[in-house]
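Below is one structure, written out as C-alpha cells; the observations come after it.
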Amino acid sequence: MSKTTPELEHQSRNCWDVYSSPADRKAVEACAEGYMDFISRCKTERESVDYVLAAAKKAGFSETLTAKTKAYVRVQRGKTVLLARRGKKPLSEGFRLVGAHVDTPRIDLKQHPLYEDTGLSLMKTHYYGGIRKYQWLARELALHGVVVKKDGSVVKVLVGEDPKDPVLTITDLLPHLAQKHAEQKVADAFDAEKLNAVVGHAPAKPGEGKAAKDKDRVKRHVLEILHARYGVTEADLFSAELQLVPAGPARSVGLDSSLIGGYGHDDRSCVFAAFEALLAEKTPEHTQLVLFWDKEEIGSEGATGAQSLFFEYALQDLVDVWEPGLRLSRVFERGMAISADVNAGVDPDHLDVFEKLNAAYVGHGPCFNKFTGHRGKVGANDAHPEFVAYLRGLMDQADVPWQMAELGKVDIGGGGTVAKFLAVYGMDVIDMGPAVLSMHSPFEVLSKADLYATVQAFRAFLKS
C-alpha cells in the first residue's frame, strides 16, 4: 500500500491563482460588487443592522422565537444583531458562531455641537476609535445618524451622499503658515478640539428687534435649515447620535480593478462575508450563529458591545425554546467561534513595522490570528492548537486559501478584538479575517479575491 509523501514546507497560496477560471473570476467580481454597494450604503452601525435585518427577514428569518422557528433574528437597541439558524444536531452538541463588529472609527458630533465664529458656522466633534486625525482634514464628509425627539420619535439624518447634496468638511492649515506644525510631533500638531466641521456660511435674514442684533445669524440659519428639513431644534441635538464619515461610494482600485477602496473594511468586510456565508449555507449540521456587535473600536463596552450580556441572554432564550432544561454552560463549552476581524496587510512602503515571516499579505486569503493583544500577548485570546488544526483541515478540505499571521512586530504595537470576550465562556475561538491596507483610515484598501475567499472560509466553517 503506497503512502503519499507529505508536503514538508508550507507556502500560502495566492487567491488569484486559486480563483483563476472565468467562472471563479466572475464570482469574485459579483461578490465585490455586492460588497461595494453594502459599504457605500451602510456607514454606521445602525445602517448596517437595518440592512442585515431587512435582508434576513427577506430570507425567512423571524423575530418571533417558537419551537418551530428555524431561523431567528434579534436586534439589540438598533446597533447589535444576532442571527440563528437551527441545525440538524441539537444545541447540546454545540454551535458554529461567526462574530464581527459593525462600528468603525469616525468623527462623532458633540452633544452641544453648533456654534459660530468668524462668519462661519461649525460643529464641535469628538473622534471615535483609533484614528490618525490629520487623515480627516480637508476632505468631503457626510453626516449620518439619528435625532431622537422628546416625544420618542426618531428622525434619520443623512446629508452628503447624494451627488446633489452638499458635504461637510474639517479645514486644514495651509503649508505657508504651518511651519510650527512641521516641527511638532504628529500627536501634538493635530488637536482634537480643532476637528470642527464647517456647516454653514450664509447668515439668516435680519429679524426685528433683538433678532436684528443677533451676532449668530449664520448659526441661526443652520438651525433654520435643520428645522425645515428634519423638524429638529438645537435642544434635540442633546439626544442625537450623529456621525461624520467619508462621503461617496466605495471604488475599485488599481488599473486592473483588483482592489476595493472605501470606508469601513474594518470590520464591515467581515460583516458582509459572514452574512453572505450564513445566507448561502441553509442546511447546517450544527446551529449557526452570526453575531454583529457595536462598540468594538472603543473596547466593546456598553449595552451593545461584546462585553454586554446580550449574547448570553439571546442564547438562553434559544435554549429555553429549542432544548428546554439544557444547561447554558454546556452549550457554550461545546461551541466553536470565529472572531471575524481584519488584519494589517503588509505595506511595501512600511516594511519596518512588519515581521515578514508572520505577517499578513494582501491576496493570500483570510488570516488566522492565533492571538492578538500587545507586547507580551497582553489582552489576548490565544487559540488552542487543537482548534487551529481543526480549522486548517477544514480550509484545506474546502480548497480555501488562508494564511497565519500576527499584527506587526512584537514590540511595535498590537490590537484587540472580541475573541477574548467569547473565550470566557470556555468555547474554542480564533480571530480570522482578510488583510487590509490603510486600516482605520477614511479610505481603506482590500483585495477583491481576499473578500471572496473570506466568504468561502466562513461558509466552510458554518456548515462544518
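Residue numbers start at 1 in each chain; chains themselves are named A, B, ... in the order of the C-alpha cells; ligands are numbered from 1 in the order shown.
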
Please run DSSP on the backbone and report, as a ChimeraX atom specification, all residues within stretch 16-243 of chain A that come out as strand (DSSP E or B).
/A:62,71-76,80-85,95-101,106-117,120-128,141-148,154-159,168-170,197-200,240-243

Using only C-alpha atoms, what does the table of stretch 236-338 of chain A residues within 8 Å of stretch 81-100 of chain A look like, with each row giving the shortest atom pair and its distance in Å to one decimal, sorted by chain and ascending number, as CSV?
```
residue,atom,partner,partner_atom,distance
A:Asp267,CA,A:Ala100,CA,6.8
A:Arg268,CA,A:Ala100,CA,7.9
A:Cys270,CA,A:Ala100,CA,6.2
A:Val271,CA,A:Ala100,CA,5.8
A:Ala274,CA,A:Val98,CA,6.6
A:Lys282,CA,A:Arg85,CA,7.8
A:Thr283,CA,A:Gly87,CA,6.9
A:Pro284,CA,A:Gly87,CA,5.0
A:Glu285,CA,A:Lys88,CA,4.9
A:His286,CA,A:Gly87,CA,4.4
A:Thr287,CA,A:Gly87,CA,4.0
A:Gln288,CA,A:Arg96,CA,5.0
A:Leu289,CA,A:Leu97,CA,4.5
A:Val290,CA,A:Val98,CA,4.9
A:Leu291,CA,A:Leu82,CA,4.5
A:Phe292,CA,A:Ala100,CA,5.0
A:Trp293,CA,A:Ala100,CA,6.3
A:Phe311,CA,A:Leu82,CA,7.7
A:Ala314,CA,A:Leu82,CA,7.8
A:Val319,CA,A:Leu91,CA,7.2
A:Trp322,CA,A:Leu91,CA,7.8
A:Glu323,CA,A:Leu91,CA,7.0
A:Leu326,CA,A:Ser92,CA,7.1
A:Arg330,CA,A:Ser92,CA,6.6
A:Val331,CA,A:Gly94,CA,5.3
A:Phe332,CA,A:Gly94,CA,7.0
A:Glu333,CA,A:Gly94,CA,7.5
A:Arg334,CA,A:Gly94,CA,4.4
A:Gly335,CA,A:Gly94,CA,4.5
A:Met336,CA,A:Arg96,CA,5.1
A:Ala337,CA,A:Leu97,CA,4.5
A:Ile338,CA,A:Val98,CA,4.8
```

Selected residues written out, N, CA, C and O atoms, as a short mmCIF file (atom, residue, chain, number, x, y, z; two decimals), in the first residue's frame:
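Everything below was put into part27.cif:
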```
data_model
loop_
_atom_site.label_atom_id
_atom_site.label_comp_id
_atom_site.auth_asym_id
_atom_site.auth_seq_id
_atom_site.Cartn_x
_atom_site.Cartn_y
_atom_site.Cartn_z
N ASP A 267 -14.92 46.89 10.25
CA ASP A 267 -14.89 45.45 10.06
C ASP A 267 -16.06 45.01 9.21
O ASP A 267 -16.51 43.89 9.29
N ARG A 268 -16.56 45.92 8.37
CA ARG A 268 -17.76 45.55 7.61
C ARG A 268 -17.46 44.57 6.50
O ARG A 268 -18.39 43.96 5.95
N CYS A 270 -15.95 41.82 7.12
CA CYS A 270 -16.27 40.56 7.81
C CYS A 270 -17.77 40.44 8.08
O CYS A 270 -18.31 39.34 8.07
N VAL A 271 -18.44 41.57 8.33
CA VAL A 271 -19.89 41.55 8.48
C VAL A 271 -20.52 41.03 7.20
O VAL A 271 -21.38 40.13 7.21
N ALA A 274 -19.61 37.24 6.58
CA ALA A 274 -20.32 36.33 7.48
C ALA A 274 -21.79 36.23 7.11
O ALA A 274 -22.38 35.15 7.13
N LYS A 282 -27.75 26.93 4.13
CA LYS A 282 -29.09 26.89 4.70
C LYS A 282 -29.43 25.59 5.43
O LYS A 282 -30.47 25.50 6.08
N THR A 283 -28.58 24.56 5.33
CA THR A 283 -28.89 23.27 5.97
C THR A 283 -27.71 22.81 6.81
O THR A 283 -27.00 21.86 6.44
N PRO A 284 -27.45 23.48 7.92
CA PRO A 284 -26.25 23.18 8.71
C PRO A 284 -26.40 21.93 9.59
O PRO A 284 -27.51 21.52 9.94
N GLU A 285 -25.28 21.34 9.93
CA GLU A 285 -25.26 20.25 10.90
C GLU A 285 -25.49 20.79 12.31
O GLU A 285 -26.34 20.31 13.03
N HIS A 286 -24.69 21.78 12.69
CA HIS A 286 -24.84 22.42 13.99
C HIS A 286 -25.57 23.75 13.82
O HIS A 286 -25.56 24.34 12.74
N THR A 287 -26.16 24.22 14.90
CA THR A 287 -26.81 25.53 14.87
C THR A 287 -25.80 26.60 14.48
O THR A 287 -24.68 26.65 15.00
N GLN A 288 -26.21 27.44 13.56
CA GLN A 288 -25.36 28.55 13.10
C GLN A 288 -25.75 29.82 13.86
O GLN A 288 -26.93 30.15 13.98
N LEU A 289 -24.76 30.53 14.34
CA LEU A 289 -24.98 31.82 14.97
C LEU A 289 -24.07 32.84 14.29
O LEU A 289 -22.87 32.60 14.13
N VAL A 290 -24.64 33.95 13.87
CA VAL A 290 -23.86 35.07 13.35
C VAL A 290 -24.24 36.28 14.18
O VAL A 290 -25.42 36.60 14.32
N LEU A 291 -23.24 36.94 14.74
CA LEU A 291 -23.47 38.00 15.71
C LEU A 291 -22.65 39.22 15.34
O LEU A 291 -21.43 39.13 15.18
N PHE A 292 -23.32 40.35 15.19
CA PHE A 292 -22.65 41.60 14.84
C PHE A 292 -22.80 42.58 15.99
O PHE A 292 -23.91 43.02 16.31
N TRP A 293 -21.67 42.93 16.60
CA TRP A 293 -21.65 43.81 17.76
C TRP A 293 -21.32 45.25 17.39
O TRP A 293 -20.65 45.52 16.39
N PHE A 311 -25.46 38.49 24.17
CA PHE A 311 -25.28 37.17 23.58
C PHE A 311 -25.77 36.08 24.54
O PHE A 311 -26.46 35.13 24.15
N ALA A 314 -29.60 36.08 24.68
CA ALA A 314 -30.19 35.56 23.45
C ALA A 314 -30.02 34.05 23.35
O ALA A 314 -30.95 33.32 22.96
N VAL A 319 -32.04 28.27 23.94
CA VAL A 319 -32.01 27.01 24.68
C VAL A 319 -33.38 26.73 25.29
O VAL A 319 -33.90 25.60 25.20
N TRP A 322 -35.70 25.83 22.16
CA TRP A 322 -35.29 24.73 21.28
C TRP A 322 -34.88 23.46 22.03
O TRP A 322 -34.98 22.36 21.51
N GLU A 323 -34.40 23.61 23.26
CA GLU A 323 -33.97 22.45 24.03
C GLU A 323 -34.14 22.73 25.52
O GLU A 323 -33.15 22.90 26.25
N LEU A 326 -31.83 22.39 29.22
CA LEU A 326 -30.39 22.26 28.97
C LEU A 326 -29.63 23.36 29.71
O LEU A 326 -30.06 24.51 29.73
N ARG A 330 -23.24 24.13 29.15
CA ARG A 330 -22.95 23.00 28.27
C ARG A 330 -22.91 23.43 26.81
O ARG A 330 -22.08 22.97 26.03
N VAL A 331 -23.82 24.33 26.45
CA VAL A 331 -23.86 24.83 25.07
C VAL A 331 -22.61 25.65 24.77
O VAL A 331 -21.97 25.48 23.73
N PHE A 332 -22.28 26.55 25.68
CA PHE A 332 -21.10 27.39 25.49
C PHE A 332 -19.83 26.56 25.32
O PHE A 332 -19.02 26.80 24.42
N GLU A 333 -19.65 25.61 26.20
CA GLU A 333 -18.41 24.83 26.19
C GLU A 333 -18.24 23.99 24.94
O GLU A 333 -17.12 23.65 24.57
N ARG A 334 -19.33 23.66 24.27
CA ARG A 334 -19.24 22.87 23.05
C ARG A 334 -19.31 23.74 21.79
O ARG A 334 -19.35 23.21 20.69
N GLY A 335 -19.32 25.03 21.98
CA GLY A 335 -19.38 25.94 20.84
C GLY A 335 -18.02 26.16 20.21
O GLY A 335 -16.98 26.01 20.84
N MET A 336 -18.05 26.52 18.93
CA MET A 336 -16.85 26.92 18.20
C MET A 336 -17.13 28.29 17.59
O MET A 336 -18.22 28.52 17.08
N ALA A 337 -16.13 29.17 17.65
CA ALA A 337 -16.37 30.54 17.18
C ALA A 337 -15.20 31.09 16.39
O ALA A 337 -14.03 30.79 16.68
N ILE A 338 -15.52 31.88 15.39
CA ILE A 338 -14.55 32.71 14.70
C ILE A 338 -14.85 34.16 15.04
O ILE A 338 -15.96 34.65 14.84
#
```

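Near A:Val232, within 12 Å and counting only C-alpha atoms, sit Val146, Val147, Val148, Lys149, Lys150, Asp151, Ser153, Val154, Val155, Lys156, Val157, Val222, Leu223, Glu224, Ile225, Leu226, His227, Ala228, Arg229, Tyr230, Glu234, Ala235, Asp236, Leu237, Phe238, Ser239 and Ala240 of chain A, not including residues fewer than 2 positions from it in the same chain.
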
With distances taken over only C-alpha atoms, which residue among A:Pro206, A:Gly130, A:Gly34, A:Gly379 lies nearest A:Ala273?
A:Gly34

I'd like the contact shell of A:Ala280 - 9 Å cut-off, only C-alpha atoms, skipping same-chain residues fewer than 4 positions apart - returned as a list in words.
Phe275, Glu276 and Arg459 of chain A

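Proximity of A:Leu143, A:Glu281, A:Tyr390, A:Asp266 to A:Gln456, computed with only C-alpha atoms, is greatest for A:Glu281.
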
Within 12 Å of A:His350 using only C-alpha atoms, minus same-chain residues under 4 positions, as a ChimeraX atom specification
/A:344-346,354-356,408-409,437-438

Taking the chain letters and numbering used in this document, name the residues of stretch 317-402 of chain A that DSSP puts in alpha helix (DSSP H), as a PyMOL selection string.
chain A and resi 317-322+328-333+385-397

Find, counting only C-alpha atoms, the residue in A:Ala247, A:Val73, A:Val186, A:Ala435 that gets nearest to A:Gly365.
A:Ala435

Can you tell me, as a ChimeraX atom specification, what residues are no more than 9 Å from A:Val342 when counting only C-alpha atoms, ignoring any on the same chain fewer than 4 positions away?
/A:265-267,269-270,366-367,431-436,439
